[in-house]
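So this one's structure.csv, CSV, C-alpha atoms and all ligand atoms:
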chain,number,residue,atom,x,y,z
Q,1,MET,CA,129.4,123.1,-11.8
Q,2,GLY,CA,131.6,126.0,-12.8
Q,3,LYS,CA,135.4,126.2,-12.9
Q,4,PHE,CA,135.7,128.2,-9.7
Q,5,PHE,CA,133.9,125.5,-7.7
Q,6,ARG,CA,135.9,122.7,-9.4
Q,7,LYS,CA,139.3,124.2,-9.2
Q,8,TYR,CA,139.4,126.7,-6.3
Q,9,TYR,CA,136.5,126.1,-3.9
Q,10,LYS,CA,137.8,124.8,-0.5
Q,11,PRO,CA,137.3,125.2,3.2
Q,12,LEU,CA,139.2,128.0,4.9
Q,13,LYS,CA,140.7,128.2,8.4
Q,14,ILE,CA,141.0,131.6,10.0
Q,15,GLY,CA,142.6,131.5,13.4
Q,16,SER,CA,140.4,129.3,15.5
Q,17,VAL,CA,137.4,129.5,13.0
Q,18,THR,CA,137.0,127.0,10.2
Q,19,LEU,CA,134.7,128.0,7.3
Q,20,ASP,CA,133.0,125.6,4.9
Q,21,GLY,CA,134.2,127.7,1.9
Q,22,ASN,CA,136.5,130.4,0.7
Q,23,VAL,CA,134.0,132.8,-0.8
Q,24,LEU,CA,133.2,135.7,1.4
Q,25,MET,CA,130.8,138.6,1.4
Q,26,ALA,CA,132.4,142.0,2.1
Q,27,PRO,CA,131.4,144.7,4.5
Q,28,LEU,CA,129.4,147.3,2.7
Q,29,ALA,CA,128.4,150.4,4.7
Q,30,GLY,CA,124.6,150.9,4.5
Q,31,TYR,CA,124.0,147.4,3.0
Q,32,THR,CA,125.3,144.4,4.9
Q,33,CYS,CA,122.7,144.3,7.6
Q,34,PHE,CA,121.7,141.1,9.5
Q,35,PRO,CA,119.0,139.9,7.0
Q,36,PHE,CA,121.3,140.4,4.0
Q,37,ARG,CA,124.1,138.5,5.7
Q,38,LEU,CA,121.8,135.6,6.5
Q,39,MET,CA,120.8,135.4,2.9
Q,40,ALA,CA,124.3,135.6,1.6
Q,41,ARG,CA,125.4,132.8,3.9
Q,42,ARG,CA,122.4,130.7,3.1
Q,43,LEU,CA,123.2,131.0,-0.6
Q,44,GLY,CA,126.8,130.0,-0.2
Q,45,ALA,CA,129.0,132.8,1.2
Q,46,ALA,CA,131.1,131.2,4.0
Q,47,LEU,CA,131.2,134.4,6.0
Q,48,ALA,CA,129.6,137.8,5.7
Q,49,PHE,CA,130.8,140.9,7.6
Q,50,THR,CA,128.8,143.7,9.3
Q,51,GLU,CA,129.3,147.1,7.8
Q,52,MET,CA,132.1,149.2,9.3
Q,53,THR,CA,131.2,150.4,12.8
Q,54,SER,CA,133.1,153.1,14.7
Q,55,ALA,CA,135.0,151.5,17.5
Q,56,ASN,CA,134.7,154.8,19.4
Q,57,GLY,CA,131.0,155.1,18.7
Q,58,LEU,CA,130.3,151.8,20.6
Q,59,LYS,CA,130.5,153.6,23.9
Q,60,TYR,CA,127.3,155.6,23.2
Q,61,ARG,CA,125.2,152.4,23.1
Q,62,ASP,CA,122.7,154.1,20.7
Q,63,GLU,CA,119.9,152.6,18.7
Q,64,ALA,CA,121.8,153.1,15.4
Q,65,THR,CA,124.7,151.0,16.6
Q,66,ARG,CA,122.3,148.4,17.9
Q,67,LYS,CA,120.8,148.0,14.5
Q,68,LEU,CA,124.2,147.9,12.8
Q,69,LEU,CA,125.5,145.2,15.0
Q,70,PHE,CA,122.3,143.1,15.4
Q,71,THR,CA,123.0,139.4,15.2
Q,72,ASN,CA,121.7,136.2,16.7
Q,73,ASP,CA,122.6,132.5,16.6
Q,74,PHE,CA,121.1,132.0,13.0
Q,75,GLU,CA,124.4,133.6,12.0
Q,76,GLU,CA,127.3,131.4,12.7
Q,77,PRO,CA,130.2,132.3,12.8
Q,78,LYS,CA,129.7,136.0,13.2
Q,79,ALA,CA,132.1,138.7,11.9
Q,80,VAL,CA,132.1,142.4,12.8
Q,81,GLN,CA,134.1,145.1,11.2
Q,82,LEU,CA,135.5,148.0,13.3
Q,83,LEU,CA,136.8,151.3,12.2
Q,84,GLY,CA,139.1,153.5,14.3
Q,85,ALA,CA,142.6,154.9,14.9
Q,86,GLU,CA,143.6,154.1,18.5
Q,87,PRO,CA,144.6,150.8,20.0
Q,88,ASN,CA,143.1,151.4,23.4
Q,89,ILE,CA,139.7,152.3,21.8
Q,90,PHE,CA,139.8,149.0,19.8
Q,91,GLU,CA,140.7,147.1,23.0
Q,92,HIS,CA,137.6,148.5,24.8
Q,93,ALA,CA,135.4,148.0,21.7
Q,94,CYS,CA,136.4,144.3,21.5
Q,95,ARG,CA,135.4,143.8,25.1
Q,96,SER,CA,132.1,145.7,24.8
Q,97,GLY,CA,128.7,144.0,24.9
Q,98,PHE,CA,128.0,144.9,21.3
Q,99,VAL,CA,131.1,143.0,20.0
Q,100,GLU,CA,130.9,140.2,22.5
Q,101,PRO,CA,128.7,137.9,20.4
Q,102,PHE,CA,131.1,138.1,17.4
Q,103,ASP,CA,133.7,135.4,16.7
Q,104,ILE,CA,135.8,137.5,14.3
Q,105,VAL,CA,136.8,141.1,14.5
Q,106,ASP,CA,137.9,142.6,11.2
Q,107,ILE,CA,139.8,145.9,11.3
Q,108,ASN,CA,139.1,148.4,8.5
Q,109,MET,CA,142.4,149.5,7.0
Q,110,GLY,CA,141.1,150.2,3.6
Q,111,CYS,CA,138.4,152.9,3.7
Q,112,PRO,CA,139.4,155.7,1.4
Q,113,VAL,CA,136.8,158.4,2.4
Q,114,PRO,CA,138.5,161.8,3.1
Q,115,ASN,CA,136.9,162.3,6.6
Q,116,VAL,CA,138.0,158.8,7.6
Q,117,ILE,CA,141.5,159.3,6.3
Q,118,LYS,CA,141.8,162.7,8.1
Q,119,SER,CA,140.9,161.0,11.4
Q,120,GLY,CA,143.8,158.5,10.9
Q,121,GLU,CA,141.3,155.7,10.3
Q,122,GLY,CA,140.7,153.2,7.5
Q,123,CYS,CA,143.4,153.3,4.8
Q,124,ALA,CA,145.4,156.0,6.7
Q,125,LEU,CA,146.6,153.1,8.9
Q,126,MET,CA,148.5,151.7,6.0
Q,127,SER,CA,150.9,154.6,6.3
Q,128,LYS,CA,151.2,154.1,10.1
Q,129,PRO,CA,152.2,150.4,10.3
Q,130,ASP,CA,153.3,150.7,13.9
Q,131,THR,CA,149.8,151.9,15.0
Q,132,ALA,CA,148.2,149.3,12.8
Q,133,ALA,CA,150.3,146.6,14.5
Q,134,ARG,CA,149.3,147.9,18.0
Q,135,ILE,CA,145.6,147.9,17.0
Q,136,ILE,CA,145.9,144.3,15.9
Q,137,GLU,CA,147.6,143.4,19.2
Q,138,ALA,CA,145.0,145.2,21.2
Q,139,CYS,CA,142.2,143.4,19.4
Q,140,LYS,CA,143.9,140.0,19.9
Q,141,ARG,CA,144.0,140.5,23.6
Q,142,SER,CA,140.2,139.9,23.6
Q,143,GLY,CA,140.9,136.3,22.5
Q,144,LYS,CA,138.9,136.7,19.3
Q,145,THR,CA,140.0,135.9,15.8
Q,146,VAL,CA,141.3,139.1,14.3
Q,147,THR,CA,141.4,139.9,10.5
Q,148,VAL,CA,142.5,142.9,8.5
Q,149,LYS,CA,141.0,144.4,5.4
Q,150,CYS,CA,143.3,146.8,3.5
Q,151,ARG,CA,144.1,148.1,0.0
Q,152,LEU,CA,147.3,148.1,-2.0
Q,153,GLY,CA,148.3,151.3,-0.3
Q,154,LEU,CA,147.3,154.8,0.6
Q,155,SER,CA,149.4,156.0,-2.3
Q,156,ASP,CA,150.8,154.2,-5.3
Q,157,SER,CA,154.3,153.9,-3.8
Q,158,GLU,CA,153.2,152.0,-0.7
Q,159,ASN,CA,153.9,148.3,-0.3
Q,160,ALA,CA,151.0,146.1,0.6
Q,161,ALA,CA,153.2,143.1,1.0
Q,162,GLU,CA,155.4,144.8,3.6
Q,163,PHE,CA,152.3,146.0,5.4
Q,164,ALA,CA,150.7,142.5,5.3
Q,165,LYS,CA,153.9,141.0,6.9
Q,166,ILE,CA,153.7,143.5,9.7
Q,167,CYS,CA,150.0,142.6,10.3
Q,168,GLU,CA,150.9,138.9,10.3
Q,169,ASN,CA,153.7,139.5,12.8
Q,170,ALA,CA,151.3,141.5,15.0
Q,171,GLY,CA,148.9,138.5,15.2
Q,172,ALA,CA,146.4,139.0,12.3
Q,173,ASP,CA,144.7,135.7,11.4
Q,174,MET,CA,143.8,136.6,7.9
Q,175,ILE,CA,144.2,139.6,5.5
Q,176,THR,CA,141.9,140.7,2.8
Q,177,VAL,CA,143.4,142.8,0.1
Q,178,HIS,CA,141.3,145.1,-2.0
Q,179,GLY,CA,143.5,145.1,-5.2
Q,180,ARG,CA,143.3,148.9,-5.7
Q,181,THR,CA,145.2,151.8,-4.1
Q,182,ARG,CA,143.3,154.5,-2.3
Q,183,ASN,CA,143.7,156.8,-5.3
Q,184,MET,CA,141.8,154.3,-7.5
Q,185,MET,CA,138.8,154.4,-5.1
Q,186,TYR,CA,136.4,151.8,-6.5
Q,187,SER,CA,137.3,151.7,-10.2
Q,188,GLY,CA,139.9,150.2,-12.5
Q,189,ALA,CA,141.0,146.6,-12.9
Q,190,PRO,CA,142.5,145.2,-9.7
Q,191,LEU,CA,146.3,144.9,-9.7
Q,192,TYR,CA,146.5,141.2,-9.5
Q,193,GLU,CA,150.3,141.0,-9.3
Q,194,ARG,CA,150.4,143.2,-6.2
Q,195,ILE,CA,147.9,140.8,-4.4
Q,196,ALA,CA,150.1,137.9,-5.5
Q,197,GLU,CA,153.1,139.7,-3.8
Q,198,VAL,CA,151.1,139.8,-0.6
Q,199,LYS,CA,150.3,136.1,-0.9
Q,200,SER,CA,154.0,135.3,-1.4
Q,201,VAL,CA,155.2,136.9,1.8
Q,202,VAL,CA,152.7,135.8,4.5
Q,203,SER,CA,151.5,132.4,5.6
Q,204,ILE,CA,148.1,133.5,7.0
Q,205,PRO,CA,145.2,133.2,4.5
Q,206,VAL,CA,145.1,136.0,1.9
Q,207,ILE,CA,141.6,136.9,0.5
Q,208,ALA,CA,141.5,138.8,-2.8
Q,209,ASN,CA,138.9,141.5,-3.3
Q,210,GLY,CA,138.0,144.0,-6.0
Q,211,GLY,CA,136.3,143.9,-9.3
Q,212,ILE,CA,134.7,140.4,-9.1
Q,213,PHE,CA,131.5,140.7,-11.1
Q,214,SER,CA,131.1,137.2,-12.5
Q,215,GLU,CA,132.2,133.6,-12.0
Q,216,GLU,CA,134.9,134.2,-14.7
Q,217,SER,CA,136.4,137.2,-12.8
Q,218,ALA,CA,136.5,135.1,-9.6
Q,219,VAL,CA,138.4,132.4,-11.5
Q,220,GLU,CA,140.7,135.1,-12.9
Q,221,MET,CA,141.3,136.6,-9.5
Q,222,MET,CA,142.3,133.2,-8.0
Q,223,SER,CA,144.5,132.1,-10.9
Q,224,ARG,CA,146.4,135.4,-11.1
Q,225,THR,CA,146.9,136.0,-7.4
Q,226,GLY,CA,147.2,132.5,-5.9
Q,227,ALA,CA,145.0,133.9,-3.1
Q,228,ASP,CA,143.3,131.5,-0.6
Q,229,GLY,CA,139.8,132.8,-1.4
Q,230,VAL,CA,137.8,135.7,-2.8
Q,231,MET,CA,135.6,138.4,-1.3
Q,232,LEU,CA,132.8,140.0,-3.3
Q,233,ALA,CA,131.3,143.4,-2.4
Q,234,ARG,CA,129.1,145.2,-4.9
Q,235,TYR,CA,128.3,142.3,-7.1
Q,236,GLY,CA,127.5,140.2,-4.0
Q,237,PHE,CA,124.8,142.7,-3.1
Q,238,GLU,CA,123.5,143.0,-6.7
Q,239,ASN,CA,123.3,139.3,-7.3
Q,240,PRO,CA,123.7,137.1,-4.2
Q,241,LEU,CA,122.9,134.1,-6.3
Q,242,ILE,CA,126.6,134.4,-7.4
Q,243,PHE,CA,127.4,132.8,-4.0
Q,244,SER,CA,125.5,129.7,-5.0
Q,245,GLU,CA,127.3,129.5,-8.3
Q,246,LEU,CA,130.8,129.9,-6.7
Q,247,SER,CA,130.1,127.4,-3.9
Q,248,GLY,CA,128.5,124.8,-6.1
Q,249,LYS,CA,125.1,125.0,-4.3
Q,250,THR,CA,122.1,124.7,-6.6
Q,251,THR,CA,119.2,126.9,-5.8
Q,252,GLY,CA,116.2,127.4,-8.0
Q,253,GLU,CA,115.3,130.7,-6.2
Q,254,THR,CA,114.5,133.8,-8.1
Q,255,LYS,CA,115.5,137.3,-7.1
Q,256,TYR,CA,111.8,138.0,-6.6
Q,257,GLU,CA,111.6,135.2,-4.0
Q,258,LEU,CA,114.7,136.4,-2.3
Q,259,LEU,CA,113.2,139.8,-1.9
Q,260,LEU,CA,110.0,138.4,-0.3
Q,261,GLU,CA,112.1,136.3,2.0
Q,262,GLN,CA,114.2,139.4,2.9
Q,263,ILE,CA,111.0,141.3,3.7
Q,264,ASP,CA,109.9,138.6,6.1
Q,265,ILE,CA,113.2,138.3,7.9
Q,266,THR,CA,113.6,142.1,8.2
Q,267,GLN,CA,110.1,142.5,9.5
Q,268,LYS,CA,110.9,140.1,12.3
Q,269,TYR,CA,113.9,142.0,13.6
Q,270,PHE,CA,113.7,145.6,12.5
Q,271,ASP,CA,111.1,148.5,12.4
Q,272,GLU,CA,109.3,149.6,9.2
Q,273,THR,CA,111.5,152.6,8.5
Q,274,PHE,CA,114.6,150.4,8.4
Q,275,LEU,CA,112.8,147.8,6.4
Q,276,LEU,CA,111.6,150.3,3.7
Q,277,SER,CA,115.1,151.8,3.4
Q,278,TYR,CA,116.9,148.4,3.2
Q,279,ILE,CA,114.4,146.6,0.8
Q,280,LYS,CA,114.3,149.6,-1.5
Q,281,LYS,CA,118.2,149.6,-1.8
Q,282,LEU,CA,118.2,145.8,-2.4
Q,283,THR,CA,115.4,146.0,-5.0
Q,284,SER,CA,117.1,148.8,-6.7
Q,285,TYR,CA,120.4,146.7,-7.0
Q,286,PHE,CA,118.4,143.6,-8.1
Q,287,MET,CA,116.8,145.5,-11.0
Q,288,LYS,CA,120.1,147.1,-12.1
Q,289,LYS,CA,120.5,145.1,-15.3
Q,290,LYS,CA,116.8,144.2,-15.7
Q,291,PRO,CA,115.5,145.7,-18.9
Q,292,GLY,CA,112.2,147.7,-18.9
Q,293,THR,CA,112.2,148.4,-15.1
Q,294,LYS,CA,113.4,152.0,-15.1
Q,295,GLN,CA,109.9,153.4,-14.9
Q,296,PHE,CA,109.3,151.6,-11.6
Q,297,ARG,CA,112.3,153.2,-9.8
Q,298,GLN,CA,110.4,156.4,-8.7
Q,299,GLU,CA,107.4,154.3,-7.7
Q,300,LEU,CA,109.7,152.1,-5.6
Q,301,TYR,CA,111.3,155.0,-3.8
Q,302,ARG,CA,107.8,156.6,-3.1
Q,303,CYS,CA,106.5,153.5,-1.2
Q,304,GLY,CA,105.6,154.4,2.4
Q,305,GLU,CA,104.6,151.0,3.8
Q,306,VAL,CA,105.3,147.3,3.3
Q,307,GLY,CA,102.1,146.3,1.5
Q,308,GLU,CA,102.7,149.0,-1.2
Q,309,LEU,CA,106.4,148.0,-1.4
Q,310,LYS,CA,105.4,144.3,-2.0
Q,311,ARG,CA,103.0,145.4,-4.7
Q,312,VAL,CA,105.6,147.5,-6.6
Q,313,ILE,CA,108.2,144.7,-6.3
Q,314,GLY,CA,105.6,142.4,-7.7
Q,315,GLU,CA,105.2,144.7,-10.7
Q,316,ILE,CA,108.9,145.0,-11.3
Q,317,PHE,CA,109.4,141.2,-11.2
Q,318,ALA,CA,106.0,140.4,-12.7
Q,319,GLU,CA,107.1,138.2,-15.6
Q,320,ASN,CA,109.6,136.1,-13.6
Q,321,ARG,CA,107.9,135.6,-10.3
Q,322,GLY,CA,108.2,132.0,-11.1
Q,323,GLY,CA,111.6,131.7,-12.6
Q,324,GLY,CA,114.1,134.4,-13.4
H,401,LIG,C1,128.9,151.6,-0.9
H,401,LIG,C2,130.1,150.9,-0.4
H,401,LIG,C3,130.3,150.7,1.0
H,401,LIG,C4,131.5,150.1,1.5
H,401,LIG,N1,131.6,149.9,2.8
H,401,LIG,C5,132.7,149.3,3.3
H,401,LIG,C6,132.8,149.0,4.7
H,401,LIG,O1,132.0,149.3,5.5
H,401,LIG,N2,134.0,148.4,5.1
H,401,LIG,C7,135.0,148.0,4.2
H,401,LIG,O2,136.0,147.4,4.6
H,401,LIG,N3,134.8,148.2,2.9
H,401,LIG,C8,133.7,148.8,2.4
H,401,LIG,N4,133.6,149.0,1.0
H,401,LIG,C9,134.6,148.4,0.1
H,401,LIG,C10,134.1,147.0,-0.3
H,401,LIG,O3,134.1,146.2,0.8
H,401,LIG,C11,135.1,146.5,-1.4
H,401,LIG,O4,136.4,146.4,-0.8
H,401,LIG,C12,135.2,147.3,-2.6
H,401,LIG,O5,133.9,147.7,-3.0
H,401,LIG,C13,135.8,146.5,-3.8
H,401,LIG,O6,135.1,145.3,-4.0
H,401,LIG,P1,134.1,145.2,-5.3
H,401,LIG,O7,134.9,145.7,-6.5
H,401,LIG,O8,133.8,143.7,-5.3
H,401,LIG,O9,132.9,146.0,-5.0
H,401,LIG,C14,132.5,149.7,0.6
H,401,LIG,C15,132.3,149.9,-0.8
H,401,LIG,C16,131.1,150.5,-1.3
H,401,LIG,C17,131.0,150.7,-2.8
Using structure tokens, write down the structure from this file.
Amino acid sequence: MGKFFRKYYKPLKIGSVTLDGNVLMAPLAGYTCFPFRLMARRLGAALAFTEMTSANGLKYRDEATRKLLFTNDFEEPKAVQLLGAEPNIFEHACRSGFVEPFDIVDINMGCPVPNVIKSGEGCALMSKPDTAARIIEACKRSGKTVTVKCRLGLSDSENAAEFAKICENAGADMITVHGRTRNMMYSGAPLYERIAEVKSVVSIPVIANGGIFSEESAVEMMSRTGADGVMLARYGFENPLIFSELSGKTTGETKYELLLEQIDITQKYFDETFLLSYIKKLTSYFMKKKPGTKQFRQELYRCGEVGELKRVIGEIFAENRGGG
């Protein structure tokens, strides 16, 4: 067992929800669909979030939203992430049929994308703490467990600790801090000491996120921030076996086997167009650091049906179908 498991792995209580562990899979737009979340959970992530979903968009009840928010009782507990700018829209969203099955509502206060910021959503809420607080209160009225995911600030001068305290006072049950400012986007080492500041001022659980790409970096995140747990995003998608490593679960599964399992699950619940798009993304992440597979990338993206996709995946992982 690795150091993370021995020293830092523990159950986590978020509001009325108790999780087996403190290693979480982040929301990732375009990636964290139901089949992926099931796999991450099975391998050891204690919770996995849907990708961000527009709170306002829920009223249209369209097919795209249905796919984004698909879940069933194999996923327990269930966590949805909502994006928006207005308290009353969040309140309606939390009471909608789409959100009803979810136990936890996470509010996106970290998205740095220009269009999102312009609409006053995502990370823009960090510079409007009053609105952020009213959104949390509005979500809490649904009776669900409510969490917040934010960054260190919209600009470098902002104070995540002060913001976290406001979220806690408004009723947030947990806060996840991506240890980068909006200006840093997705690169640069996380600023551990600023996450530690957040931890020192609130008593709700603080989850540290950003730049965890190995067991060692998860250990470093915990030791330098004192956080209650970690959330992995890009590396969780690239190598979901990291969840087994961090949670002390042994699995002899290979990435090839995981892909075949994901094809089966996705086939059960989604159409072929969705399946092809999702499995191609997952395969492409899985082969990122795999030498000698570059030449298969084009072939992978050309696949037009599941049989062909399975054949190409078989070629990519040919030498380690049994163990790698
Ligand atoms: C492609 C992509 C999509 C993302 N989508 C979301 C999202 O829907 N909601 C959210 O809160 N964060 C989203 N994030 C941010 C991640 O959840 C995470 O905070 C960030 O990638 C830092 O973690 P990492 O260094 O472990 O990847 C996204 C990041 C990427 C790269």
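When atom CA of Arg95 of chain Q is paired with atom CA of Gly143 of chain Q, their separation reads 9.7 Å.
In this comparison, which uses all atoms listed in the file, the residue of Q:Gly21, Q:Gly57, Q:Pro205, Q:Gly15 approaching Gly248 of chain Q most closely is Q:Gly21.
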Review point. Which neighbours of Ala93 of chain Q fall inside 12 Å, counting all atoms listed in the file, when residues of the same chain fewer than 4 positions from it are skipped, and could you give them as number ranges by chain?
Key: Q: 53-61, 80-84, 86-89, 97-100, 102, 105, 107, 135, 138-142
Revision key, fill the gap. Expressed in Å, the length from atom CA of Phe36 of chain Q to atom CA of Arg180 of chain Q is 25.5 Å
Check your understanding: Neighbours of ligand LIG 401 (chain H) within 7 Å, counting only C-alpha atoms and all ligand atoms, as a ChimeraX atom specification?
Key -> /Q:26-30,51-52,81,108,110-111,149,178,186,209-213,231-235
Name all residues at most 12 Å from Met287 of chain Q (count all atoms listed in the file; drop same-chain ones fewer than 5 positions away) and give them as a PDB file with C-alpha atoms, in the coordinates of the input.
ATOM      1  CA  PHE Q 237     124.800 142.700  -3.100  1.00  0.00           C
ATOM      2  CA  GLU Q 238     123.500 143.000  -6.700  1.00  0.00           C
ATOM      3  CA  ASN Q 239     123.300 139.300  -7.300  1.00  0.00           C
ATOM      4  CA  LYS Q 255     115.500 137.300  -7.100  1.00  0.00           C
ATOM      5  CA  TYR Q 256     111.800 138.000  -6.600  1.00  0.00           C
ATOM      6  CA  LEU Q 259     113.200 139.800  -1.900  1.00  0.00           C
ATOM      7  CA  LYS Q 280     114.300 149.600  -1.500  1.00  0.00           C
ATOM      8  CA  LYS Q 281     118.200 149.600  -1.800  1.00  0.00           C
ATOM      9  CA  LEU Q 282     118.200 145.800  -2.400  1.00  0.00           C
ATOM     10  CA  GLY Q 292     112.200 147.700 -18.900  1.00  0.00           C
ATOM     11  CA  THR Q 293     112.200 148.400 -15.100  1.00  0.00           C
ATOM     12  CA  LYS Q 294     113.400 152.000 -15.100  1.00  0.00           C
ATOM     13  CA  GLN Q 295     109.900 153.400 -14.900  1.00  0.00           C
ATOM     14  CA  PHE Q 296     109.300 151.600 -11.600  1.00  0.00           C
ATOM     15  CA  ARG Q 297     112.300 153.200  -9.800  1.00  0.00           C
ATOM     16  CA  LEU Q 300     109.700 152.100  -5.600  1.00  0.00           C
ATOM     17  CA  ILE Q 313     108.200 144.700  -6.300  1.00  0.00           C
ATOM     18  CA  GLU Q 315     105.200 144.700 -10.700  1.00  0.00           C
ATOM     19  CA  ILE Q 316     108.900 145.000 -11.300  1.00  0.00           C
ATOM     20  CA  PHE Q 317     109.400 141.200 -11.200  1.00  0.00           C
ATOM     21  CA  GLY Q 324     114.100 134.400 -13.400  1.00  0.00           C
TER      22      GLY Q 324
END
Review point. By how many Å are atom CA of Tyr192 of chain Q and atom CA of Thr145 of chain Q apart?
Key: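 Atom-to-atom, atom CA of Tyr192 of chain Q to atom CA of Thr145 of chain Q, that is 26.7 Å.
Those residues that approach Phe270 of chain Q to within 10 Å, counting all atoms listed in the file, are Phe34, Pro35, Lys67, Phe70, Ile265, Thr266, Gln267, Lys268, Glu272, Thr273, Phe274 and Leu275 of chain Q; same-chain residues fewer than 2 positions away are not listed.
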Can I get the selected residues back with C-alpha atoms, as a PDB file, keeping the file's coordinate frame?
ATOM      1  CA  PHE Q  34     121.700 141.100   9.500  1.00  0.00           C
ATOM      2  CA  PRO Q  35     119.000 139.900   7.000  1.00  0.00           C
ATOM      3  CA  LYS Q  67     120.800 148.000  14.500  1.00  0.00           C
ATOM      4  CA  PHE Q  70     122.300 143.100  15.400  1.00  0.00           C
ATOM      5  CA  ILE Q 265     113.200 138.300   7.900  1.00  0.00           C
ATOM      6  CA  THR Q 266     113.600 142.100   8.200  1.00  0.00           C
ATOM      7  CA  GLN Q 267     110.100 142.500   9.500  1.00  0.00           C
ATOM      8  CA  LYS Q 268     110.900 140.100  12.300  1.00  0.00           C
ATOM      9  CA  GLU Q 272     109.300 149.600   9.200  1.00  0.00           C
ATOM     10  CA  THR Q 273     111.500 152.600   8.500  1.00  0.00           C
ATOM     11  CA  PHE Q 274     114.600 150.400   8.400  1.00  0.00           C
ATOM     12  CA  LEU Q 275     112.800 147.800   6.400  1.00  0.00           C
TER      13      LEU Q 275
END
**Study point:** Nearest to Lys118 of chain Q, chosen from Q:Glu63, Q:Ser203, Q:Glu137, Q:Ala85, with only C-alpha atoms counted in the distances
**Key:**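 The shortest atom-to-atom distance to Lys118 of chain Q comes from Q:Ala85.
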